[in-house]
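For reference, the structure discussed in these notes is given below.
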Amino acid sequence: MAYQDDVLVVLRSMDATLKTLLALSQQRVTQARAAKPKPIASDSDLDSQYGDEKVRLNPRDWTGASLKGRPMSACPAEFLDLLAESYDYFERKNEEAGALTDKGKPKADYDRRSASRARGWAKRARAGWSAKTQAAVRGNGAKGSDEWAGDLEDGF
């Protein structure tokens, strides 16, 4: 009888542990669904006069060569992902502090915009976008060729 009682105690303990793990798992799924996806800049924003920002910093976790000073369009997607995370961090900090620019505008707005642009350029880089293909699509380098006409339908 003592053996059966020990087995029941262990099974009840396992049942309680599994119920706790299930509750935690469901809580995380609910939190993940509630979390807002990070905004990605639109093509019109990226193609605007200010959409191809110059990189002002190298993210802390970036291990490659410095890309500071380059336009976002000339950076690899992995770098841009880290850059967007850095801007997200700055946005949170500036939001908490209520930091303002010299003109009285919230700094967090600018960080949010830069992060979305970095994500937009990363998305384009993963899709095969490059400055050469963009110039050809716009007619700057195509010299009358229809070679890049298919890219116009994709929004690039």
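For the structure tokens, the naming scheme is as follows: chains receive sequential letters (A, B, ...) according to their order of presentation, residues are indexed from 1 within each chain, and ligands are indexed from 1 in presentation order.
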Tell me, counting only C-alpha atoms, for each residue of stretch 68-90 of chain A within 10 Å of stretch 24-46 of chain A, which pair of atoms is nearest and how far apart they are in Å to one decimal, in rows ordered by chain and increasing number, as JSON lines.
{"residue": "A:Met72", "atom": "CA", "partner": "A:Leu46", "partner_atom": "CA", "distance": 9.8}
{"residue": "A:Ser73", "atom": "CA", "partner": "A:Leu46", "partner_atom": "CA", "distance": 9.2}
{"residue": "A:Ala84", "atom": "CA", "partner": "A:Lys38", "partner_atom": "CA", "distance": 9.5}
{"residue": "A:Glu85", "atom": "CA", "partner": "A:Lys38", "partner_atom": "CA", "distance": 9.9}
{"residue": "A:Asp88", "atom": "CA", "partner": "A:Lys38", "partner_atom": "CA", "distance": 9.1}
In stretch 2-115 of chain A, DSSP helix (DSSP H, G or I) residues written as a PyMOL selection string
chain A and resi 2-34+43-46+72-74+77-97+107-115
Would you kindly return, as an NGL selection string, each protein, DNA or RNA residue with an atom no farther than 10 Å from any atom of A:Ser86, considering only C-alpha atoms and excluding same-chain residues fewer than 5 positions away?
:A and (57-61 or 80-81 or 91 or 111 or 114-115)
Output C-alpha atoms for every residue in the selection just made, as a compact mmCIF listing (two decimals), in the first residue's frame.
# COMPACT_ATOMS: atom_id res chain seq x y z
CA LEU A 57 25.65 54.68 -35.02
CA ASN A 58 26.81 51.09 -35.04
CA PRO A 59 24.55 48.87 -32.92
CA ARG A 60 26.20 47.44 -29.82
CA ASP A 61 25.83 43.82 -30.98
CA LEU A 80 19.55 47.02 -40.16
CA ASP A 81 17.68 44.65 -37.83
CA GLU A 91 12.52 55.35 -28.37
CA ASP A 111 13.61 57.23 -33.08
CA SER A 114 14.25 55.71 -37.93
CA ALA A 115 13.52 52.22 -36.58
Please indicate the distance in Å from atom CA of A:Tyr89 to atom CA of A:Arg117, rounded to one decimal place.
15.0 Å
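Backbone DSSP over stretch 4-152 of chain A yields strand (DSSP E or B) at Lys54, Pro71, Leu100 and Pro106 of chain A.
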Any chance you can output those residues with C-alpha atoms as an mmCIF file, in the first residue's frame?
data_model
loop_
_atom_site.group_PDB
_atom_site.id
_atom_site.type_symbol
_atom_site.label_atom_id
_atom_site.label_comp_id
_atom_site.auth_asym_id
_atom_site.auth_seq_id
_atom_site.Cartn_x
_atom_site.Cartn_y
_atom_site.Cartn_z
ATOM 1 C CA LYS A 54 22.520 57.909 -43.066
ATOM 2 C CA PRO A 71 22.928 55.245 -46.237
ATOM 3 C CA LEU A 100 12.344 66.797 -26.575
ATOM 4 C CA PRO A 106 9.450 64.412 -28.880
#
Counting only C-alpha atoms, what is within 9 Å of A:Trp62, bar same-chain residues fewer than 4 positions away, as an MDAnalysis selection string?
chainID A and resid 58 66 78:79 82:83
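Distances to A:Trp121 were evaluated for A:Ala97, A:Ala65, A:Leu11, A:Val55 using only C-alpha atoms, and the minimum falls at A:Val55.
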Would you work out the distance separating atom CA of A:Arg56 from atom CA of A:Glu96, expressed in Å to one decimal?
22.1 Å
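Nearest to A:Lys123 of all the residues A:Ala77, A:Leu18, A:Ala2, A:Val10 is A:Ala77, based on only C-alpha atoms.
The gap separating atom CA of A:Ala74 from atom CA of A:Ala118 is 11.2 Å, in Å to one decimal.
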